[in-house]
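J.: The following block contains the structure, expressed as structure tokens.
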Amino acid sequence: MLILVSDAFDPGLPDKLAKFGEVTDDKGRIPEAEVILIRSKTKVTKEYIDGAPKLKLVIRGGVGLDNVDLEYAKEKGIIVHNTAAASSIAVAELAFALMIALPNHISRADQSMHAGEWLKKELKRTELYKKTLGVIGIGRIGAELAVRALAFGMKVIAYDPYVKEHEHAEMRADIKEVLKEADYVSMHLPLTDETKGMINKDLIQHFKDGAYLINTGRGKTVVEEDVVEALKSGKLAGFGNDVWYSDPPESTPLTDAPNVIMTPHIGASTKENLLRIGDIIEELIGEYVKNK
Ligand code: NAD
């Protein structure tokens with residue numbers, strides 16, 4: 001059995017999997033691969049699947065499966081798994097880091113010090129304490145963020161049409177109810193027909209003036225041009241963004257917008273998470289081999 005490691009995983013993973021068969025990172029061997037391990041970079045499209053006649057199992061290290069043609073994989077009898085639970089803490093910590101960095105001007109303060117400037121008077125901070133966090137999509141990651149926000153003395157409200165009640169957040173039935181109340185809005189949505197372009201010009205009108213937006217879910221749930229306009233007008237005080245229309249983005253208006261902190265889709269990229277993902281992959285391949 002050939003296992004193709006197609007994206008970046010913990011360097012110890014090939015050794016861990018060697019007991020199941022040959023492990024390679026040579027993408028020229030896609031036609032021979034029975035198991036392919038991907039993260040977000042490899043796109044398992046119809047064409048990709050057609051070029052992998054021996055493929056039986058795809059494991060996506062991480063959560064979002066929008067880079068896999070699930071319907072076609074099913075048609076071809078290919079099993080697709082993700083490692084959904086592994087990444088929650090890693091992504092929640094990055095969302096929290098962005099939520100702290102924005103009102104504390106960490107990025108601008110650092111850049112100005114490197115440039116030999118002293119912006120002590122200009123850089124006025126605000127606190128998270130007693131502010132309201134609005135979580136959009138309170139699944140695994142949103143819930144981890146809520147717990148951390150509560151520990152900082154924040155109030156947590158959330159919108160998620162598929163969750164009626166939550167132990168860490170007051171639910172609101174309408175997203176506008178969250179937006180009008182929240183000082184920070186953090187997005188934790190999968191990319192679906194319903195969520196694509198969700199944060200757009202029309203909805204941004206309903207945000208509290210001077211709110212902060214954070215997106216560590218999926219880039220296309222936010223219309224970048226509309227967010228840039230809101231940042232320029234001051235409607236939004238800042239935007240912390242880890243996720244993009246493509247990885248890396250071909251071009252994005254965010255690079256020239258004020259008060260933006262950008263990270264290159266590193267939400268899941270902690271050392272601990274990659275180890276957790278490796279453990280889950282080992283289990284999943286073990287199960288697959290057992291049931292063969
Ligand atoms: P999850 O499935 O546990 O949570 C997603 C939540 O979104 C669910 O509770 C669901 O009900 C809700 N939801 C779905 N449609 C909605 C809608 N229209 N409006 C409001 N809520 C809606 O998933 P998770 O593990 O919390 O991950 C969330 C997302 O984070 C993933 O889908 C993925 O896109 C993203 N992610 C990003 C990174 C990163 O590196 N930045 C890493 C992992 C996951």
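Identifiers for the structure tokens are assigned positionally: chains receive A, B, ... in sequence, residues are indexed from 1 per chain, and ligands are indexed from 1 in the order shown.
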At a cut-off of 7 Å, using only C-alpha atoms, what residues contact range 222-227 of chain A? Leave out same-chain residues fewer than 3 positions from it and give the result as a list in words.
T.: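 Contacts, in chain order: Gly197, Met198, Ile199, Asn200, Lys201, Gly219, Ala230, Leu231, Pro253 and Leu254 of chain A.
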J.: Check which residues fall inside 9 Å of ligand 1 when counting only C-alpha atoms and all ligand atoms, and print them as a tab-separated table (two decimals) with all heavy atoms, in the first residue's frame.
T.:
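Wrote part-v2.tsv, looks like this:
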chain	number	residue	atom	x	y	z
A	40	SER	N	-4.82	21.87	3.39
A	40	SER	CA	-5.70	22.69	2.54
A	40	SER	C	-5.12	22.93	1.15
A	40	SER	O	-5.82	23.34	0.24
A	40	SER	CB	-6.00	24.03	3.23
A	40	SER	OG	-4.80	24.65	3.61
A	62	GLY	N	-7.12	18.37	9.41
A	62	GLY	CA	-7.77	19.66	9.64
A	62	GLY	C	-9.27	19.49	9.52
A	62	GLY	O	-9.78	18.36	9.61
A	63	VAL	N	-9.97	20.61	9.30
A	63	VAL	CA	-11.44	20.57	9.36
A	63	VAL	C	-12.10	20.70	7.99
A	63	VAL	O	-12.74	19.77	7.51
A	63	VAL	CB	-11.97	21.69	10.30
A	63	VAL	CG1	-13.48	21.56	10.45
A	63	VAL	CG2	-11.30	21.65	11.65
A	64	GLY	N	-11.89	21.87	7.34
A	64	GLY	CA	-12.65	22.20	6.12
A	64	GLY	C	-12.41	21.18	5.01
A	64	GLY	O	-11.27	20.85	4.69
A	65	LEU	N	-13.50	20.70	4.43
A	65	LEU	CA	-13.37	19.72	3.33
A	65	LEU	C	-13.73	20.37	1.99
A	65	LEU	O	-14.03	19.68	1.02
A	65	LEU	CB	-14.28	18.52	3.61
A	65	LEU	CG	-13.72	17.54	4.66
A	65	LEU	CD1	-14.79	16.56	5.13
A	65	LEU	CD2	-12.51	16.78	4.12
A	66	ASP	N	-13.67	21.71	1.95
A	66	ASP	CA	-14.07	22.39	0.71
A	66	ASP	C	-13.04	22.21	-0.41
A	66	ASP	O	-13.28	22.61	-1.54
A	66	ASP	CB	-14.40	23.87	0.96
A	66	ASP	CG	-13.46	24.54	1.94
A	66	ASP	OD1	-13.57	24.25	3.14
A	66	ASP	OD2	-12.60	25.32	1.50
A	84	ALA	N	-11.30	16.50	12.46
A	84	ALA	CA	-12.00	17.70	12.89
A	84	ALA	C	-11.66	18.20	14.30
A	84	ALA	O	-11.46	19.40	14.50
A	84	ALA	CB	-13.49	17.46	12.78
A	85	ALA	N	-11.58	17.29	15.26
A	85	ALA	CA	-11.46	17.75	16.64
A	85	ALA	C	-10.06	18.27	16.96
A	85	ALA	O	-9.89	19.06	17.90
A	85	ALA	CB	-11.82	16.62	17.58
A	86	ALA	N	-9.06	17.86	16.17
A	86	ALA	CA	-7.66	18.15	16.55
A	86	ALA	C	-7.34	19.65	16.59
A	86	ALA	O	-6.61	20.11	17.46
A	86	ALA	CB	-6.72	17.44	15.58
A	87	SER	N	-7.92	20.42	15.65
A	87	SER	CA	-7.44	21.79	15.43
A	87	SER	C	-8.11	22.87	16.29
A	87	SER	O	-7.70	24.04	16.24
A	87	SER	CB	-7.65	22.17	13.96
A	87	SER	OG	-7.11	21.19	13.11
A	88	SER	N	-9.14	22.50	17.05
A	88	SER	CA	-9.97	23.54	17.69
A	88	SER	C	-9.17	24.49	18.57
A	88	SER	O	-9.34	25.71	18.49
A	88	SER	CB	-11.07	22.89	18.52
A	88	SER	OG	-11.72	21.91	17.78
A	90	ALA	N	-5.91	25.12	18.59
A	90	ALA	CA	-4.94	25.90	17.81
A	90	ALA	C	-5.61	27.10	17.14
A	90	ALA	O	-5.11	28.23	17.21
A	90	ALA	CB	-4.29	25.00	16.75
A	91	VAL	N	-6.77	26.87	16.50
A	91	VAL	CA	-7.43	27.96	15.78
A	91	VAL	C	-8.03	28.97	16.77
A	91	VAL	O	-7.93	30.19	16.56
A	91	VAL	CB	-8.53	27.43	14.82
A	91	VAL	CG1	-9.11	28.57	14.00
A	91	VAL	CG2	-7.97	26.36	13.90
A	92	ALA	N	-8.62	28.46	17.85
A	92	ALA	CA	-9.20	29.38	18.84
A	92	ALA	C	-8.12	30.28	19.43
A	92	ALA	O	-8.34	31.48	19.65
A	92	ALA	CB	-9.90	28.58	19.94
A	94	LEU	N	-5.42	31.30	17.93
A	94	LEU	CA	-5.05	32.33	16.94
A	94	LEU	C	-6.12	33.42	16.88
A	94	LEU	O	-5.81	34.61	16.84
A	94	LEU	CB	-4.81	31.74	15.55
A	94	LEU	CG	-4.35	32.82	14.55
A	94	LEU	CD1	-2.91	33.28	14.83
A	94	LEU	CD2	-4.47	32.36	13.12
A	95	ALA	N	-7.40	33.01	16.88
A	95	ALA	CA	-8.48	34.01	16.87
A	95	ALA	C	-8.34	34.91	18.09
A	95	ALA	O	-8.50	36.14	18.01
A	95	ALA	CB	-9.84	33.31	16.87
A	135	VAL	N	-19.87	35.49	18.47
A	135	VAL	CA	-19.30	34.36	17.73
A	135	VAL	C	-20.27	33.96	16.63
A	135	VAL	O	-21.45	33.69	16.90
A	135	VAL	CB	-19.06	33.16	18.68
A	135	VAL	CG1	-18.51	31.96	17.92
A	135	VAL	CG2	-18.12	33.54	19.82
A	136	ILE	N	-19.79	33.94	15.40
A	136	ILE	CA	-20.65	33.52	14.28
A	136	ILE	C	-20.24	32.09	13.91
A	136	ILE	O	-19.14	31.87	13.40
A	136	ILE	CB	-20.48	34.46	13.06
A	136	ILE	CG1	-20.63	35.94	13.47
A	136	ILE	CG2	-21.48	34.09	11.96
A	136	ILE	CD1	-21.96	36.33	14.05
A	137	GLY	N	-21.10	31.15	14.25
A	137	GLY	CA	-20.79	29.73	14.04
A	137	GLY	C	-20.15	29.17	15.31
A	137	GLY	O	-18.93	29.18	15.44
A	138	ILE	N	-20.99	28.71	16.25
A	138	ILE	CA	-20.42	28.24	17.52
A	138	ILE	C	-20.34	26.71	17.54
A	138	ILE	O	-21.07	26.02	18.22
A	138	ILE	CB	-21.12	28.87	18.75
A	138	ILE	CG1	-20.33	28.57	20.03
A	138	ILE	CG2	-22.60	28.47	18.87
A	138	ILE	CD1	-20.39	29.66	21.07
A	139	GLY	N	-19.39	26.21	16.73
A	139	GLY	CA	-19.07	24.79	16.74
A	139	GLY	C	-17.89	24.57	17.67
A	139	GLY	O	-17.76	25.23	18.70
A	140	ARG	N	-17.00	23.65	17.26
A	140	ARG	CA	-15.85	23.31	18.12
A	140	ARG	C	-14.95	24.52	18.39
A	140	ARG	O	-14.60	24.82	19.53
A	140	ARG	CB	-15.03	22.20	17.47
A	140	ARG	CG	-15.66	20.83	17.53
A	140	ARG	CD	-14.86	19.86	16.69
A	140	ARG	NE	-14.98	20.22	15.30
A	140	ARG	CZ	-15.75	19.57	14.42
A	140	ARG	NH1	-16.41	18.51	14.77
A	140	ARG	NH2	-15.83	19.98	13.17
A	141	ILE	N	-14.56	25.23	17.31
A	141	ILE	CA	-13.60	26.33	17.48
A	141	ILE	C	-14.26	27.53	18.16
A	141	ILE	O	-13.70	28.12	19.10
A	141	ILE	CB	-12.99	26.73	16.12
A	141	ILE	CG1	-12.24	25.53	15.52
A	141	ILE	CG2	-12.06	27.93	16.28
A	141	ILE	CD1	-11.80	25.71	14.07
A	142	GLY	N	-15.45	27.88	17.70
A	142	GLY	CA	-16.18	29.00	18.30
A	142	GLY	C	-16.34	28.79	19.81
A	142	GLY	O	-16.21	29.73	20.60
A	143	ALA	N	-16.62	27.56	20.22
A	143	ALA	CA	-16.82	27.26	21.64
A	143	ALA	C	-15.52	27.44	22.42
A	143	ALA	O	-15.51	27.98	23.54
A	143	ALA	CB	-17.35	25.84	21.81
A	144	GLU	N	-14.39	27.00	21.84
A	144	GLU	CA	-13.09	27.17	22.52
A	144	GLU	C	-12.77	28.67	22.68
A	144	GLU	O	-12.23	29.10	23.69
A	144	GLU	CB	-11.97	26.49	21.74
A	144	GLU	CG	-12.01	24.97	21.75
A	144	GLU	CD	-11.72	24.35	23.12
A	144	GLU	OE1	-11.24	25.06	24.03
A	144	GLU	OE2	-11.99	23.14	23.28
A	158	ALA	N	-23.82	34.62	20.54
A	158	ALA	CA	-23.49	33.86	19.33
A	158	ALA	C	-24.69	33.73	18.41
A	158	ALA	O	-25.85	33.76	18.86
A	158	ALA	CB	-22.98	32.47	19.71
A	159	TYR	N	-24.38	33.58	17.12
A	159	TYR	CA	-25.39	33.25	16.11
A	159	TYR	C	-25.00	31.95	15.43
A	159	TYR	O	-23.85	31.82	14.94
A	159	TYR	CB	-25.50	34.37	15.06
A	159	TYR	CG	-26.33	33.96	13.88
A	159	TYR	CD1	-27.71	33.80	13.99
A	159	TYR	CD2	-25.72	33.67	12.66
A	159	TYR	CE1	-28.47	33.38	12.90
A	159	TYR	CE2	-26.49	33.24	11.56
A	159	TYR	CZ	-27.86	33.10	11.70
A	159	TYR	OH	-28.61	32.68	10.63
A	160	ASP	N	-25.90	31.00	15.41
A	160	ASP	CA	-25.68	29.73	14.73
A	160	ASP	C	-27.05	29.08	14.59
A	160	ASP	O	-27.63	28.63	15.58
A	160	ASP	CB	-24.73	28.84	15.57
A	160	ASP	CG	-24.29	27.59	14.84
A	160	ASP	OD1	-25.11	27.01	14.09
A	160	ASP	OD2	-23.13	27.17	15.01
A	161	PRO	N	-27.60	29.10	13.37
A	161	PRO	CA	-28.97	28.59	13.22
A	161	PRO	C	-29.12	27.12	13.59
A	161	PRO	O	-30.24	26.65	13.74
A	161	PRO	CB	-29.28	28.82	11.73
A	161	PRO	CG	-27.97	29.05	11.07
A	161	PRO	CD	-27.02	29.55	12.10
A	162	TYR	N	-27.97	26.41	13.70
A	162	TYR	CA	-28.05	24.98	14.01
A	162	TYR	C	-27.80	24.67	15.49
A	162	TYR	O	-27.72	23.51	15.88
A	162	TYR	CB	-27.07	24.20	13.12
A	162	TYR	CG	-27.30	24.51	11.66
A	162	TYR	CD1	-26.47	25.42	10.99
A	162	TYR	CD2	-28.37	23.96	10.98
A	162	TYR	CE1	-26.71	25.75	9.65
A	162	TYR	CE2	-28.62	24.28	9.65
A	162	TYR	CZ	-27.78	25.17	9.00
A	162	TYR	OH	-28.03	25.50	7.69
A	163	VAL	N	-27.64	25.73	16.29
A	163	VAL	CA	-27.42	25.54	17.73
A	163	VAL	C	-28.46	26.39	18.48
A	163	VAL	O	-28.48	27.61	18.32
A	163	VAL	CB	-25.99	25.98	18.13
A	163	VAL	CG1	-25.78	25.87	19.63
A	163	VAL	CG2	-24.94	25.16	17.39
A	175	ILE	N	-28.64	37.02	13.12
A	175	ILE	CA	-27.24	37.49	13.12
A	175	ILE	C	-27.17	39.00	13.40
A	175	ILE	O	-26.25	39.48	14.05
A	175	ILE	CB	-26.52	37.13	11.80
A	175	ILE	CG1	-25.02	37.40	11.91
A	175	ILE	CG2	-27.13	37.83	10.59
A	175	ILE	CD1	-24.17	36.85	10.78
A	187	MET	N	-15.53	35.03	13.29
A	187	MET	CA	-16.19	34.12	12.34
A	187	MET	C	-15.57	32.73	12.39
A	187	MET	O	-14.35	32.60	12.23
A	187	MET	CB	-15.98	34.65	10.91
A	187	MET	CG	-16.28	36.12	10.73
A	187	MET	SD	-18.00	36.34	10.40
A	187	MET	CE	-18.09	35.50	8.83
A	188	HIS	N	-16.42	31.72	12.54
A	188	HIS	CA	-15.93	30.33	12.61
A	188	HIS	C	-16.81	29.42	11.77
A	188	HIS	O	-17.28	28.37	12.22
A	188	HIS	CB	-15.90	29.88	14.08
A	188	HIS	CG	-15.00	30.73	14.89
A	188	HIS	ND1	-13.63	30.61	14.83
A	188	HIS	CD2	-15.26	31.79	15.68
A	188	HIS	CE1	-13.08	31.54	15.58
A	188	HIS	NE2	-14.04	32.28	16.11
A	189	LEU	N	-17.01	29.86	10.51
A	189	LEU	CA	-17.96	29.18	9.63
A	189	LEU	C	-17.29	28.28	8.61
A	189	LEU	O	-16.22	28.62	8.10
A	189	LEU	CB	-18.76	30.23	8.86
A	189	LEU	CG	-19.64	31.17	9.67
A	189	LEU	CD1	-20.20	32.25	8.78
A	189	LEU	CD2	-20.76	30.38	10.33
A	190	PRO	N	-17.96	27.19	8.26
A	190	PRO	CA	-17.51	26.45	7.07
A	190	PRO	C	-17.94	27.24	5.84
A	190	PRO	O	-18.83	28.09	5.92
A	190	PRO	CB	-18.31	25.14	7.18
A	190	PRO	CG	-19.56	25.51	7.92
A	190	PRO	CD	-19.17	26.62	8.87
A	191	LEU	N	-17.33	26.95	4.69
A	191	LEU	CA	-17.76	27.60	3.45
A	191	LEU	C	-18.87	26.77	2.82
A	191	LEU	O	-18.65	25.62	2.42
A	191	LEU	CB	-16.57	27.74	2.49
A	191	LEU	CG	-16.89	28.50	1.21
A	191	LEU	CD1	-17.24	29.95	1.50
A	191	LEU	CD2	-15.72	28.42	0.23
A	192	THR	N	-20.07	27.35	2.78
A	192	THR	CA	-21.21	26.67	2.16
A	192	THR	C	-21.93	27.70	1.28
A	192	THR	O	-21.59	28.89	1.31
A	192	THR	CB	-22.21	26.17	3.23
A	192	THR	OG1	-22.76	27.33	3.91
A	192	THR	CG2	-21.56	25.27	4.27
A	193	ASP	N	-22.94	27.25	0.54
A	193	ASP	CA	-23.72	28.19	-0.29
A	193	ASP	C	-24.32	29.28	0.60
A	193	ASP	O	-24.43	30.43	0.21
A	193	ASP	CB	-24.86	27.46	-1.01
A	193	ASP	CG	-24.30	26.57	-2.12
A	193	ASP	OD1	-23.12	26.74	-2.47
A	193	ASP	OD2	-25.04	25.68	-2.59
A	194	GLU	N	-24.67	28.89	1.83
A	194	GLU	CA	-25.32	29.81	2.77
A	194	GLU	C	-24.34	30.83	3.35
A	194	GLU	O	-24.70	31.97	3.62
A	194	GLU	CB	-25.83	28.93	3.91
A	194	GLU	CG	-27.10	29.33	4.57
A	194	GLU	CD	-27.43	28.29	5.65
A	194	GLU	OE1	-26.54	27.91	6.46
A	194	GLU	OE2	-28.57	27.88	5.69
A	195	THR	N	-23.09	30.42	3.55
A	195	THR	CA	-22.14	31.30	4.25
A	195	THR	C	-21.26	32.11	3.30
A	195	THR	O	-20.62	33.06	3.72
A	195	THR	CB	-21.21	30.50	5.20
A	195	THR	OG1	-20.41	29.60	4.42
A	195	THR	CG2	-22.01	29.72	6.22
A	196	LYS	N	-21.23	31.72	2.02
A	196	LYS	CA	-20.37	32.43	1.06
A	196	LYS	C	-20.80	33.90	0.96
A	196	LYS	O	-21.98	34.20	0.73
A	196	LYS	CB	-20.50	31.74	-0.31
A	196	LYS	CG	-19.44	32.18	-1.28
A	196	LYS	CD	-19.46	31.33	-2.52
A	196	LYS	CE	-18.40	31.84	-3.46
A	196	LYS	NZ	-18.46	31.20	-4.75
A	198	MET	N	-21.18	36.07	3.21
A	198	MET	CA	-22.14	36.42	4.26
A	198	MET	C	-21.87	37.80	4.85
A	198	MET	O	-22.80	38.59	5.06
A	198	MET	CB	-22.02	35.35	5.35
A	198	MET	CG	-23.10	35.34	6.36
A	198	MET	SD	-22.92	33.74	7.20
A	198	MET	CE	-23.87	34.04	8.62
A	215	ASN	N	-11.58	36.84	11.31
A	215	ASN	CA	-12.00	35.67	10.52
A	215	ASN	C	-10.89	34.63	10.48
A	215	ASN	O	-9.83	34.85	9.89
A	215	ASN	CB	-12.39	36.07	9.09
A	215	ASN	CG	-13.06	34.92	8.33
A	215	ASN	OD1	-13.41	33.90	8.93
A	215	ASN	ND2	-13.23	35.08	7.04
A	216	THR	N	-11.16	33.51	11.15
A	216	THR	CA	-10.24	32.36	11.05
A	216	THR	C	-11.00	31.16	10.50
A	216	THR	O	-10.55	30.03	10.64
A	216	THR	CB	-9.63	32.00	12.43
A	216	THR	OG1	-10.70	31.74	13.34
A	216	THR	CG2	-8.75	33.10	12.97
A	217	GLY	N	-12.19	31.43	9.90
A	217	GLY	CA	-13.02	30.34	9.36
A	217	GLY	C	-12.65	30.05	7.92
A	217	GLY	O	-11.74	29.26	7.65
A	218	ARG	N	-13.32	30.73	7.00
A	218	ARG	CA	-13.01	30.59	5.58
A	218	ARG	C	-13.07	31.98	4.94
A	218	ARG	O	-13.99	32.76	5.20
A	218	ARG	CB	-14.02	29.66	4.88
A	218	ARG	CG	-13.67	28.19	5.04
A	218	ARG	CD	-12.39	27.82	4.28
A	218	ARG	NE	-11.94	26.47	4.52
A	218	ARG	CZ	-11.03	26.13	5.44
A	218	ARG	NH1	-10.49	27.03	6.24
A	218	ARG	NH2	-10.63	24.88	5.56
A	219	GLY	N	-12.08	32.29	4.08
A	219	GLY	CA	-11.95	33.63	3.50
A	219	GLY	C	-13.19	34.09	2.75
A	219	GLY	O	-13.63	35.24	2.88
A	241	ASN	N	-7.30	38.71	10.07
A	241	ASN	CA	-7.69	37.70	9.08
A	241	ASN	C	-6.61	36.65	8.83
A	241	ASN	O	-5.47	36.97	8.56
A	241	ASN	CB	-8.00	38.42	7.75
A	241	ASN	CG	-8.70	37.50	6.77
A	241	ASN	OD1	-9.58	36.73	7.16
A	241	ASN	ND2	-8.31	37.54	5.52
A	242	ASP	N	-7.04	35.39	8.92
A	242	ASP	CA	-6.12	34.28	8.69
A	242	ASP	C	-6.45	33.53	7.40
A	242	ASP	O	-5.66	32.70	6.96
A	242	ASP	CB	-6.21	33.30	9.87
A	242	ASP	CG	-5.21	32.15	9.77
A	242	ASP	OD1	-4.02	32.43	9.51
A	242	ASP	OD2	-5.60	30.99	9.94
A	243	VAL	N	-7.62	33.79	6.81
A	243	VAL	CA	-8.11	32.92	5.73
A	243	VAL	C	-8.42	33.74	4.47
A	243	VAL	O	-8.89	34.86	4.56
A	243	VAL	CB	-9.34	32.12	6.20
A	243	VAL	CG1	-8.91	30.97	7.09
A	243	VAL	CG2	-10.33	33.01	6.95
A	264	PRO	N	-0.89	34.11	7.41
A	264	PRO	CA	-0.99	33.26	6.21
A	264	PRO	C	-1.61	31.88	6.47
A	264	PRO	O	-0.95	30.87	6.30
A	264	PRO	CB	0.47	33.15	5.76
A	264	PRO	CG	1.25	33.26	7.02
A	264	PRO	CD	0.48	34.14	7.95
A	265	HIS	N	-2.88	31.86	6.86
A	265	HIS	CA	-3.62	30.61	7.11
A	265	HIS	C	-2.83	29.66	8.03
A	265	HIS	O	-2.56	28.51	7.68
A	265	HIS	CB	-3.97	29.91	5.79
A	265	HIS	CG	-5.11	28.93	5.93
A	265	HIS	ND1	-5.76	28.36	4.87
A	265	HIS	CD2	-5.71	28.40	7.04
A	265	HIS	CE1	-6.70	27.52	5.30
A	265	HIS	NE2	-6.69	27.54	6.62
A	266	ILE	N	-2.48	30.20	9.21
A	266	ILE	CA	-1.69	29.40	10.15
A	266	ILE	C	-2.51	28.96	11.37
A	266	ILE	O	-1.96	28.54	12.38
A	266	ILE	CB	-0.43	30.18	10.63
A	266	ILE	CG1	-0.81	31.57	11.18
A	266	ILE	CG2	0.60	30.28	9.53
A	266	ILE	CD1	0.33	32.30	11.87
A	267	GLY	N	-3.85	29.08	11.25
A	267	GLY	CA	-4.71	28.73	12.39
A	267	GLY	C	-4.44	27.35	12.96
A	267	GLY	O	-4.42	27.16	14.17
A	268	ALA	N	-4.22	26.39	12.08
A	268	ALA	CA	-4.06	25.01	12.56
A	268	ALA	C	-2.59	24.64	12.75
A	268	ALA	O	-2.28	23.54	13.20
A	268	ALA	CB	-4.70	24.06	11.56
A	269	SER	N	-1.70	25.57	12.41
A	269	SER	CA	-0.27	25.20	12.32
A	269	SER	C	0.49	25.28	13.63
A	269	SER	O	1.54	25.92	13.70
A	269	SER	CB	0.41	26.07	11.28
A	269	SER	OG	-0.25	25.97	10.05
J.: As a list in words, please: the residues near range 205-208 of chain A (cut-off 10 Å, only C-alpha atoms, same-chain neighbours under 2 positions excluded).
T.: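 Non-adjacent residues within range: Ile175, Lys176, Glu177, Val178, Leu179, Lys180, Glu181, Ala182, Asp183, Tyr184, Val185, Asn200, Lys201, Asp202, Leu203, Gly210, Ala211, Tyr212, Leu213, Ala230, Lys235 and Leu236 of chain A.
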J.: If you measure from CA of Gly61 in chain A to CA of Thr255 in chain A, what distance in Å do you get, rounded to one decimal?
T.: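 According to the coordinates, CA of Gly61 in chain A and CA of Thr255 in chain A are separated by 28.6 Å.
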J.: Just checking: using only C-alpha atoms, which residue out of A:Ile36, A:Leu102, A:Ala151, A:Ile261 ends up closest to Tyr129 in chain A?
T.: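 Closest to Tyr129 in chain A, using only C-alpha atoms: A:Ala151.
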J.: Counting only C-alpha atoms, which residue out of A:Gly77, A:Pro14, A:Gly51, A:Gly153 sits closest to Lys27 in chain A?
T.: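 Checking each candidate against Lys27 in chain A, we get A:Gly51 as the closest.
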J.: If we count only C-alpha atoms, what is near Phe152 in chain A at a cut-off of 10 Å, once residues fewer than 5 positions away on the same chain are taken out, given as a count of residues only?
T.: 7
